[in-house]
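K.L.:
Before anything else, here's the structure in question.
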Amino acid sequence: MTATILLVRHAAHEHLGKVLSGRSDDVPLSAAGREQAQRLAQRLGKERLDAVHTSPVRRARDTAQTIAAVANVPEDVAAPLDEVDFGTWSGKSFAELGKDPLWHAWNERRSYTVPPGGEAMVAVQERALSHLRVVAREASGRVVAMVSHADVIRAGVAGILGLSLDRVLSFDVDPASVTRIVAGRWGERVMSLNERWL
C-alpha cells in the first residue's frame with residue numbers, strides 16, 4: 001500500500017519577493033494569498049484529504065486552516081515542516097541580502113553553505129523527509145496534505161530524486177502550488193511538481 005503526500009507551498013503573503021520572512025510569525029497572507037488559499041482549498045477538496053499537516057509559521061497555518069476547513073479534517077502543526085532557520089538573515093530585504101557575498105554563496109552552493117546563525121539545508125532535508133516517511137508509513141492508502149515552504153519542499157524533492165542540494169533552485173515551487181508524492185515501504189516517487197490551478 002502507498003500513501004499520497006501533497007506538498008503544498010503556503011499562499012502569497014505580504015513580504016513575498018521583498019523580505020526574507022524566515023520563521024517570522026507575524027506575516028499574514030496578502031489579499032491575493034487569501035484568494036489563492038481559498039481556490040487551492042476548493043481544488044484539494046476534490047482529493048478526499050484525510051489529514052492536513054502544517055508548518056508552525058502563520059502564513060502556512062492560515063493556508064492549512066483554509067484547506068482543512070473545506071476538506072472537513074483537522075490540521076496538525078508539524079515542526080519538521082517549519083521554514084528554514086535563516087539566522088541573522090531573517091527579516092532582511094532581498095535588496096539588502098543582495099549585497100552579502102555569503103547570500104550569493106548560499107544560493108550557489110547550498111550543499112555546504114549555511115546562513116549565519118542558521119540551519120544547513122541538509123538538516124532541512126533530513127527533517128522534512130523524515131516526517132514525510134513516518135507519516136507515509138502510518139497513512140498507507142490515505143491522502144495527506146503538508147503545508148510548508150518553498151525551500152523545504154525543494155529540499156525534500158531533491159532528496160527523493162537524488163539531486164544535489166546545489167540544484168534546488170533549478171525548479172520552481174510557487175505559492176499555493178502542490179507537489180505530489182507517492183510513498184510506501186519501497187521509497188518515494190515524485191508524481192508531479194509545482195501543480196497550479198490559479
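We name chains A, B, ... following the order of the C-alpha cells; residues begin at 1 in each chain, and ligands are numbered from 1 as shown.
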Got a sec: who's within 10 Å of A:Arg43, counting only C-alpha atoms, leaving out chain neighbours fewer than 5 positions off, as a list of chain:residue names?
P.N.:
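Neighbouring residues, sequence-local ones excluded: A:Ala37, A:Gln38, A:Ile67, A:Val70, A:Ala71, A:Arg196, A:Trp197.
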K.L.:
Going by DSSP on the backbone, which bits of chain A are strand (DSSP E)? Write them as a PyMOL selection string, please.
P.N.:
chain A and resi 3-9+51-54+75-77+143-148+178-184+187-195
K.L.:
Please save N, CA and C atoms of the selected residues as a short mmCIF file (atom, residue, chain, number, x, y, z; two decimals), in the first residue's frame.
P.N.:
data_model
loop_
_atom_site.label_atom_id
_atom_site.label_comp_id
_atom_site.auth_asym_id
_atom_site.auth_seq_id
_atom_site.Cartn_x
_atom_site.Cartn_y
_atom_site.Cartn_z
N ALA A 3 0.90 5.75 0.32
CA ALA A 3 0.25 6.98 0.75
C ALA A 3 0.53 8.05 -0.29
N THR A 4 -0.39 8.97 -0.43
CA THR A 4 -0.17 10.13 -1.30
C THR A 4 0.07 11.34 -0.40
N ILE A 5 1.20 11.98 -0.60
CA ILE A 5 1.57 13.16 0.16
C ILE A 5 1.54 14.36 -0.79
N LEU A 6 0.74 15.36 -0.45
CA LEU A 6 0.67 16.57 -1.24
C LEU A 6 1.48 17.65 -0.53
N LEU A 7 2.63 17.97 -1.09
CA LEU A 7 3.47 19.02 -0.52
C LEU A 7 2.97 20.36 -1.05
N VAL A 8 2.41 21.15 -0.17
CA VAL A 8 1.75 22.40 -0.54
C VAL A 8 2.59 23.58 -0.05
N ARG A 9 2.95 24.47 -0.97
CA ARG A 9 3.56 25.71 -0.51
C ARG A 9 2.45 26.66 -0.08
N ALA A 51 -5.95 14.17 6.05
CA ALA A 51 -5.29 14.95 7.09
C ALA A 51 -4.56 16.12 6.45
N VAL A 52 -4.34 17.16 7.26
CA VAL A 52 -3.55 18.31 6.84
C VAL A 52 -2.51 18.57 7.92
N HIS A 53 -1.24 18.57 7.54
CA HIS A 53 -0.16 18.92 8.44
C HIS A 53 0.38 20.28 8.01
N THR A 54 0.87 21.06 8.95
CA THR A 54 1.34 22.40 8.60
C THR A 54 2.57 22.82 9.39
N GLU A 75 -6.30 20.17 11.20
CA GLU A 75 -4.93 20.43 10.78
C GLU A 75 -4.02 20.26 11.98
N ASP A 76 -2.89 19.64 11.76
CA ASP A 76 -1.92 19.36 12.82
C ASP A 76 -0.64 20.12 12.54
N VAL A 77 -0.15 20.86 13.52
CA VAL A 77 1.11 21.57 13.38
C VAL A 77 2.25 20.57 13.49
N VAL A 143 -4.53 10.12 1.89
CA VAL A 143 -4.00 11.33 1.25
C VAL A 143 -3.77 12.38 2.33
N VAL A 144 -2.54 12.86 2.43
CA VAL A 144 -2.17 13.83 3.46
C VAL A 144 -1.57 15.06 2.79
N ALA A 145 -2.12 16.23 3.07
CA ALA A 145 -1.53 17.49 2.61
C ALA A 145 -0.56 17.99 3.66
N MET A 146 0.61 18.44 3.22
CA MET A 146 1.61 19.01 4.12
C MET A 146 1.93 20.42 3.63
N VAL A 147 1.51 21.41 4.40
CA VAL A 147 1.72 22.81 4.01
C VAL A 147 3.05 23.30 4.59
N SER A 148 3.92 23.73 3.69
CA SER A 148 5.26 24.12 4.12
C SER A 148 5.74 25.30 3.27
N VAL A 178 1.16 22.66 -5.55
CA VAL A 178 1.14 21.31 -4.98
C VAL A 178 2.17 20.45 -5.71
N THR A 179 2.99 19.76 -4.94
CA THR A 179 3.91 18.76 -5.47
C THR A 179 3.48 17.42 -4.91
N ARG A 180 3.20 16.49 -5.79
CA ARG A 180 2.54 15.23 -5.43
C ARG A 180 3.57 14.11 -5.30
N ILE A 181 3.57 13.47 -4.14
CA ILE A 181 4.49 12.37 -3.84
C ILE A 181 3.69 11.12 -3.51
N VAL A 182 4.10 10.00 -4.07
CA VAL A 182 3.55 8.71 -3.66
C VAL A 182 4.65 8.00 -2.87
N ALA A 183 4.31 7.47 -1.71
CA ALA A 183 5.32 6.90 -0.83
C ALA A 183 4.84 5.58 -0.24
N GLY A 184 5.78 4.67 -0.08
CA GLY A 184 5.49 3.38 0.53
C GLY A 184 6.77 2.83 1.15
N GLY A 187 9.93 3.22 -0.85
CA GLY A 187 10.54 4.53 -1.09
C GLY A 187 9.50 5.55 -1.53
N GLU A 188 9.94 6.57 -2.28
CA GLU A 188 9.05 7.64 -2.71
C GLU A 188 9.23 7.91 -4.19
N ARG A 189 8.17 8.40 -4.80
CA ARG A 189 8.22 8.79 -6.22
C ARG A 189 7.53 10.15 -6.37
N VAL A 190 8.17 11.05 -7.12
CA VAL A 190 7.56 12.35 -7.43
C VAL A 190 6.62 12.16 -8.61
N MET A 191 5.34 12.41 -8.40
CA MET A 191 4.34 12.23 -9.45
C MET A 191 4.06 13.51 -10.21
N SER A 192 4.22 14.64 -9.53
CA SER A 192 4.05 15.93 -10.19
C SER A 192 4.82 16.98 -9.40
N LEU A 193 5.14 18.08 -10.06
CA LEU A 193 5.90 19.14 -9.42
C LEU A 193 5.23 20.48 -9.73
N ASN A 194 4.98 21.27 -8.67
CA ASN A 194 4.51 22.63 -8.85
C ASN A 194 3.17 22.72 -9.60
N GLU A 195 2.22 21.85 -9.25
CA GLU A 195 0.87 21.95 -9.84
C GLU A 195 0.25 23.26 -9.41
#
K.L.:
With a distance cut-off of 7 Å and only C-alpha atoms, select the neighbouring residues of stretch 102-119 of chain A, excluding the residue or stretch itself and same-chain residues fewer than 3 positions from it, and output the selection as a ChimeraX atom specification.
P.N.:
/A:84-88,97-98,122-123,164-166
K.L.:
With all heavy atoms retained, write the just-selected residues as a PDB file, in the first residue's frame.
P.N.:
ATOM      1  N   VAL A  84      12.982  27.188   6.821  1.00  0.00           N
ATOM      2  CA  VAL A  84      14.417  27.182   7.101  1.00  0.00           C
ATOM      3  C   VAL A  84      14.708  28.237   8.169  1.00  0.00           C
ATOM      4  O   VAL A  84      14.139  29.335   8.134  1.00  0.00           O
ATOM      5  CB  VAL A  84      15.208  27.507   5.816  1.00  0.00           C
ATOM      6  CG1 VAL A  84      16.707  27.572   6.109  1.00  0.00           C
ATOM      7  CG2 VAL A  84      14.910  26.511   4.704  1.00  0.00           C
ATOM      8  N   ASP A  85      15.571  27.907   9.099  1.00  0.00           N
ATOM      9  CA  ASP A  85      16.049  28.903  10.052  1.00  0.00           C
ATOM     10  C   ASP A  85      17.156  29.693   9.350  1.00  0.00           C
ATOM     11  O   ASP A  85      18.260  29.190   9.159  1.00  0.00           O
ATOM     12  CB  ASP A  85      16.570  28.232  11.316  1.00  0.00           C
ATOM     13  CG  ASP A  85      17.060  29.228  12.357  1.00  0.00           C
ATOM     14  OD1 ASP A  85      17.128  30.442  12.054  1.00  0.00           O
ATOM     15  OD2 ASP A  85      17.395  28.794  13.470  1.00  0.00           O
ATOM     16  N   PHE A  86      16.833  30.924   8.940  1.00  0.00           N
ATOM     17  CA  PHE A  86      17.787  31.742   8.210  1.00  0.00           C
ATOM     18  C   PHE A  86      18.692  32.563   9.117  1.00  0.00           C
ATOM     19  O   PHE A  86      19.465  33.401   8.631  1.00  0.00           O
ATOM     20  CB  PHE A  86      17.041  32.676   7.246  1.00  0.00           C
ATOM     21  CG  PHE A  86      16.440  31.966   6.072  1.00  0.00           C
ATOM     22  CD1 PHE A  86      15.073  31.753   6.010  1.00  0.00           C
ATOM     23  CD2 PHE A  86      17.233  31.496   5.039  1.00  0.00           C
ATOM     24  CE1 PHE A  86      14.504  31.095   4.921  1.00  0.00           C
ATOM     25  CE2 PHE A  86      16.677  30.834   3.949  1.00  0.00           C
ATOM     26  CZ  PHE A  86      15.309  30.636   3.890  1.00  0.00           C
ATOM     27  N   GLY A  87      18.628  32.344  10.416  1.00  0.00           N
ATOM     28  CA  GLY A  87      19.528  33.036  11.331  1.00  0.00           C
ATOM     29  C   GLY A  87      19.407  34.543  11.215  1.00  0.00           C
ATOM     30  O   GLY A  87      18.309  35.100  11.175  1.00  0.00           O
ATOM     31  N   THR A  88      20.549  35.224  11.110  1.00  0.00           N
ATOM     32  CA  THR A  88      20.551  36.692  11.087  1.00  0.00           C
ATOM     33  C   THR A  88      20.020  37.274   9.781  1.00  0.00           C
ATOM     34  O   THR A  88      19.803  38.493   9.693  1.00  0.00           O
ATOM     35  CB  THR A  88      21.970  37.243  11.343  1.00  0.00           C
ATOM     36  OG1 THR A  88      22.848  36.775  10.312  1.00  0.00           O
ATOM     37  CG2 THR A  88      22.487  36.785  12.703  1.00  0.00           C
ATOM     38  N   LEU A  97      20.105  41.749   1.218  1.00  0.00           N
ATOM     39  CA  LEU A  97      20.803  40.470   1.128  1.00  0.00           C
ATOM     40  C   LEU A  97      21.645  40.378  -0.145  1.00  0.00           C
ATOM     41  O   LEU A  97      22.695  39.724  -0.151  1.00  0.00           O
ATOM     42  CB  LEU A  97      19.794  39.317   1.163  1.00  0.00           C
ATOM     43  CG  LEU A  97      19.123  39.080   2.520  1.00  0.00           C
ATOM     44  CD1 LEU A  97      17.947  38.128   2.372  1.00  0.00           C
ATOM     45  CD2 LEU A  97      20.128  38.532   3.531  1.00  0.00           C
ATOM     46  N   GLY A  98      21.199  41.044  -1.191  1.00  0.00           N
ATOM     47  CA  GLY A  98      21.932  41.009  -2.454  1.00  0.00           C
ATOM     48  C   GLY A  98      23.333  41.583  -2.364  1.00  0.00           C
ATOM     49  O   GLY A  98      24.170  41.328  -3.238  1.00  0.00           O
ATOM     50  N   VAL A 122      21.006  20.574   4.504  1.00  0.00           N
ATOM     51  CA  VAL A 122      20.952  19.127   4.699  1.00  0.00           C
ATOM     52  C   VAL A 122      20.101  18.793   5.928  1.00  0.00           C
ATOM     53  O   VAL A 122      19.382  17.789   5.939  1.00  0.00           O
ATOM     54  CB  VAL A 122      22.368  18.510   4.793  1.00  0.00           C
ATOM     55  CG1 VAL A 122      23.107  18.960   6.054  1.00  0.00           C
ATOM     56  CG2 VAL A 122      22.304  16.993   4.711  1.00  0.00           C
ATOM     57  N   ALA A 123      20.136  19.646   6.947  1.00  0.00           N
ATOM     58  CA  ALA A 123      19.298  19.429   8.127  1.00  0.00           C
ATOM     59  C   ALA A 123      17.828  19.650   7.788  1.00  0.00           C
ATOM     60  O   ALA A 123      16.953  18.916   8.267  1.00  0.00           O
ATOM     61  CB  ALA A 123      19.731  20.363   9.256  1.00  0.00           C
ATOM     62  N   SER A 164      21.617  16.909  -5.993  1.00  0.00           N
ATOM     63  CA  SER A 164      22.417  17.685  -5.062  1.00  0.00           C
ATOM     64  C   SER A 164      21.587  18.857  -4.548  1.00  0.00           C
ATOM     65  O   SER A 164      20.791  19.454  -5.282  1.00  0.00           O
ATOM     66  CB  SER A 164      23.666  18.217  -5.774  1.00  0.00           C
ATOM     67  OG  SER A 164      24.280  19.227  -5.002  1.00  0.00           O
ATOM     68  N   LEU A 165      21.809  19.228  -3.305  1.00  0.00           N
ATOM     69  CA  LEU A 165      21.145  20.411  -2.762  1.00  0.00           C
ATOM     70  C   LEU A 165      21.576  21.682  -3.490  1.00  0.00           C
ATOM     71  O   LEU A 165      20.905  22.706  -3.407  1.00  0.00           O
ATOM     72  CB  LEU A 165      21.413  20.528  -1.264  1.00  0.00           C
ATOM     73  CG  LEU A 165      20.627  19.527  -0.411  1.00  0.00           C
ATOM     74  CD1 LEU A 165      21.180  19.491   1.009  1.00  0.00           C
ATOM     75  CD2 LEU A 165      19.143  19.880  -0.395  1.00  0.00           C
ATOM     76  N   ASP A 166      22.680  21.624  -4.223  1.00  0.00           N
ATOM     77  CA  ASP A 166      23.089  22.764  -5.036  1.00  0.00           C
ATOM     78  C   ASP A 166      22.153  22.984  -6.214  1.00  0.00           C
ATOM     79  O   ASP A 166      22.233  24.010  -6.888  1.00  0.00           O
ATOM     80  CB  ASP A 166      24.512  22.566  -5.564  1.00  0.00           C
ATOM     81  CG  ASP A 166      25.550  22.530  -4.449  1.00  0.00           C
ATOM     82  OD1 ASP A 166      25.256  23.025  -3.337  1.00  0.00           O
ATOM     83  OD2 ASP A 166      26.653  22.011  -4.684  1.00  0.00           O
TER      84      ASP A 166
END
K.L.:
Could you give me, as a tab-separated table, every stretch 53-123 of chain A residue with an atom at most 8 Å from stretch 16-22 of chain A, plus its closest atom pair and distance in Å to one decimal, counting only C-alpha atoms, rows ordered by chain then number?
P.N.:
residue	atom	partner	partner_atom	distance
A:Glu83	CA	A:Gly22	CA	6.2
A:Val84	CA	A:Gly22	CA	6.5
A:Asp85	CA	A:Gly22	CA	6.4
A:Phe86	CA	A:Gly22	CA	6.0
A:Trp89	CA	A:Leu20	CA	7.2
A:Ser90	CA	A:Gly22	CA	5.1
A:Gly91	CA	A:Ser21	CA	5.2
A:Lys92	CA	A:Val19	CA	5.7
A:Ser93	CA	A:Val19	CA	4.1
A:Phe94	CA	A:Val19	CA	5.6
A:Ala95	CA	A:Lys18	CA	7.7
K.L.:
Can you pull out the residues contacting A:Asn72? Cut-off 9 Å, using only C-alpha atoms, and skip same-chain residues under 6 positions away; I want them as a PDB file with N, CA and C atoms, in the first residue's frame.
P.N.:
ATOM      1  N   GLY A  45     -10.186  19.973  -2.100  1.00  0.00           N
ATOM      2  CA  GLY A  45     -11.380  19.339  -1.559  1.00  0.00           C
ATOM      3  C   GLY A  45     -11.849  18.168  -2.396  1.00  0.00           C
ATOM      4  N   LEU A  49      -9.025  14.434   1.077  1.00  0.00           N
ATOM      5  CA  LEU A  49      -7.941  14.540   2.047  1.00  0.00           C
ATOM      6  C   LEU A  49      -8.310  13.850   3.351  1.00  0.00           C
ATOM      7  N   ASP A  50      -7.329  13.162   3.921  1.00  0.00           N
ATOM      8  CA  ASP A  50      -7.524  12.509   5.213  1.00  0.00           C
ATOM      9  C   ASP A  50      -6.912  13.310   6.354  1.00  0.00           C
TER      10      ASP A  50
END
K.L.:
For A:Leu163, which of A:Ala31, A:Arg59, A:Glu14, A:Gln125 is the closest residue, counting only C-alpha atoms?
P.N.:
A:Gln125
K.L.:
Here is a test: counting only C-alpha atoms, which residue of A:Arg185, A:Ile160, A:Arg58, A:Pro175 is nearest to A:Ala32?
P.N.:
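Closest to A:Ala32, using only C-alpha atoms: A:Pro175.
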K.L.:
May I ask for the distance between atom CA of A:His10 and atom CA of A:Ala176, given in Å to one decimal place?
P.N.:
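So the answer is 5.3 Å.
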K.L.:
I need the residues in stretch 4-184 of chain A that are alpha helix (DSSP H) according to DSSP; give them as a PDB file with C-alpha atoms, in the first residue's frame.
P.N.:
ATOM      1  CA  ALA A  31      -5.416  39.617  -0.010  1.00  0.00           C
ATOM      2  CA  ALA A  32      -4.237  37.772  -3.121  1.00  0.00           C
ATOM      3  CA  GLY A  33      -2.892  34.992  -0.908  1.00  0.00           C
ATOM      4  CA  ARG A  34      -6.209  34.547   0.856  1.00  0.00           C
ATOM      5  CA  GLU A  35      -7.882  34.167  -2.538  1.00  0.00           C
ATOM      6  CA  GLN A  36      -5.193  31.684  -3.602  1.00  0.00           C
ATOM      7  CA  ALA A  37      -5.697  29.654  -0.434  1.00  0.00           C
ATOM      8  CA  GLN A  38      -9.454  29.513  -0.979  1.00  0.00           C
ATOM      9  CA  ARG A  39      -9.110  28.380  -4.606  1.00  0.00           C
ATOM     10  CA  LEU A  40      -6.484  25.841  -3.587  1.00  0.00           C
ATOM     11  CA  ALA A  41      -8.736  24.530  -0.818  1.00  0.00           C
ATOM     12  CA  GLN A  42     -11.627  24.088  -3.253  1.00  0.00           C
ATOM     13  CA  ARG A  43      -9.362  22.169  -5.638  1.00  0.00           C
ATOM     14  CA  LEU A  44      -7.891  19.972  -2.910  1.00  0.00           C
ATOM     15  CA  ARG A  58       1.420  31.832  10.405  1.00  0.00           C
ATOM     16  CA  ARG A  59       1.314  32.025   6.588  1.00  0.00           C
ATOM     17  CA  ALA A  60       1.411  28.221   6.405  1.00  0.00           C
ATOM     18  CA  ARG A  61      -1.116  27.777   9.212  1.00  0.00           C
ATOM     19  CA  ASP A  62      -3.526  30.218   7.549  1.00  0.00           C
ATOM     20  CA  THR A  63      -3.257  28.283   4.287  1.00  0.00           C
ATOM     21  CA  ALA A  64      -3.661  24.947   6.064  1.00  0.00           C
ATOM     22  CA  GLN A  65      -6.711  26.116   8.023  1.00  0.00           C
ATOM     23  CA  THR A  66      -8.440  27.122   4.797  1.00  0.00           C
ATOM     24  CA  ILE A  67      -7.694  23.737   3.217  1.00  0.00           C
ATOM     25  CA  ALA A  68      -8.715  21.790   6.328  1.00  0.00           C
ATOM     26  CA  ALA A  69     -11.992  23.690   6.677  1.00  0.00           C
ATOM     27  CA  VAL A  70     -13.057  22.818   3.130  1.00  0.00           C
ATOM     28  CA  ALA A  71     -11.887  19.196   3.480  1.00  0.00           C
ATOM     29  CA  PHE A  94      16.288  40.889  -0.626  1.00  0.00           C
ATOM     30  CA  ALA A  95      17.883  44.165  -1.760  1.00  0.00           C
ATOM     31  CA  GLU A  96      19.972  44.165   1.419  1.00  0.00           C
ATOM     32  CA  LEU A  97      20.803  40.470   1.128  1.00  0.00           C
ATOM     33  CA  PRO A 101      28.594  37.632  -0.622  1.00  0.00           C
ATOM     34  CA  LEU A 102      27.521  34.800   1.706  1.00  0.00           C
ATOM     35  CA  TRP A 103      23.933  35.107   0.419  1.00  0.00           C
ATOM     36  CA  HIS A 104      25.192  34.559  -3.133  1.00  0.00           C
ATOM     37  CA  ALA A 105      27.346  31.646  -1.971  1.00  0.00           C
ATOM     38  CA  TRP A 106      24.352  30.063  -0.228  1.00  0.00           C
ATOM     39  CA  ASN A 107      22.238  30.294  -3.365  1.00  0.00           C
ATOM     40  CA  GLU A 108      25.005  28.724  -5.452  1.00  0.00           C
ATOM     41  CA  MET A 121      19.964  22.732   4.042  1.00  0.00           C
ATOM     42  CA  VAL A 122      20.952  19.127   4.699  1.00  0.00           C
ATOM     43  CA  ALA A 123      19.298  19.429   8.127  1.00  0.00           C
ATOM     44  CA  VAL A 124      16.175  20.888   6.492  1.00  0.00           C
ATOM     45  CA  GLN A 125      16.122  17.988   4.059  1.00  0.00           C
ATOM     46  CA  GLU A 126      16.564  15.384   6.783  1.00  0.00           C
ATOM     47  CA  ARG A 127      13.730  16.682   8.959  1.00  0.00           C
ATOM     48  CA  ALA A 128      11.311  17.145   6.049  1.00  0.00           C
ATOM     49  CA  LEU A 129      11.940  13.698   4.571  1.00  0.00           C
ATOM     50  CA  SER A 130      11.867  12.004   7.966  1.00  0.00           C
ATOM     51  CA  HIS A 131       8.423  13.484   8.653  1.00  0.00           C
ATOM     52  CA  LEU A 132       7.152  12.542   5.205  1.00  0.00           C
ATOM     53  CA  ARG A 133       8.347   8.945   5.610  1.00  0.00           C
ATOM     54  CA  VAL A 134       6.921   8.484   9.102  1.00  0.00           C
ATOM     55  CA  VAL A 135       3.546   9.854   8.007  1.00  0.00           C
ATOM     56  CA  ALA A 136       3.549   7.728   4.845  1.00  0.00           C
ATOM     57  CA  ARG A 137       4.092   4.556   6.885  1.00  0.00           C
ATOM     58  CA  GLU A 138       1.240   5.457   9.221  1.00  0.00           C
ATOM     59  CA  ALA A 150       9.451  26.649  -0.952  1.00  0.00           C
ATOM     60  CA  ASP A 151      12.939  25.700   0.224  1.00  0.00           C
ATOM     61  CA  VAL A 152      11.666  22.930   2.492  1.00  0.00           C
ATOM     62  CA  ILE A 153       9.700  21.391  -0.379  1.00  0.00           C
ATOM     63  CA  ARG A 154      12.646  21.813  -2.743  1.00  0.00           C
ATOM     64  CA  ALA A 155      14.941  20.058  -0.270  1.00  0.00           C
ATOM     65  CA  GLY A 156      12.518  17.154   0.084  1.00  0.00           C
ATOM     66  CA  VAL A 157      12.081  16.764  -3.671  1.00  0.00           C
ATOM     67  CA  ALA A 158      15.846  16.902  -4.201  1.00  0.00           C
ATOM     68  CA  GLY A 159      16.283  14.118  -1.655  1.00  0.00           C
ATOM     69  CA  ILE A 160      13.685  11.915  -3.309  1.00  0.00           C
ATOM     70  CA  LEU A 161      15.173  12.471  -6.775  1.00  0.00           C
TER      71      LEU A 161
END
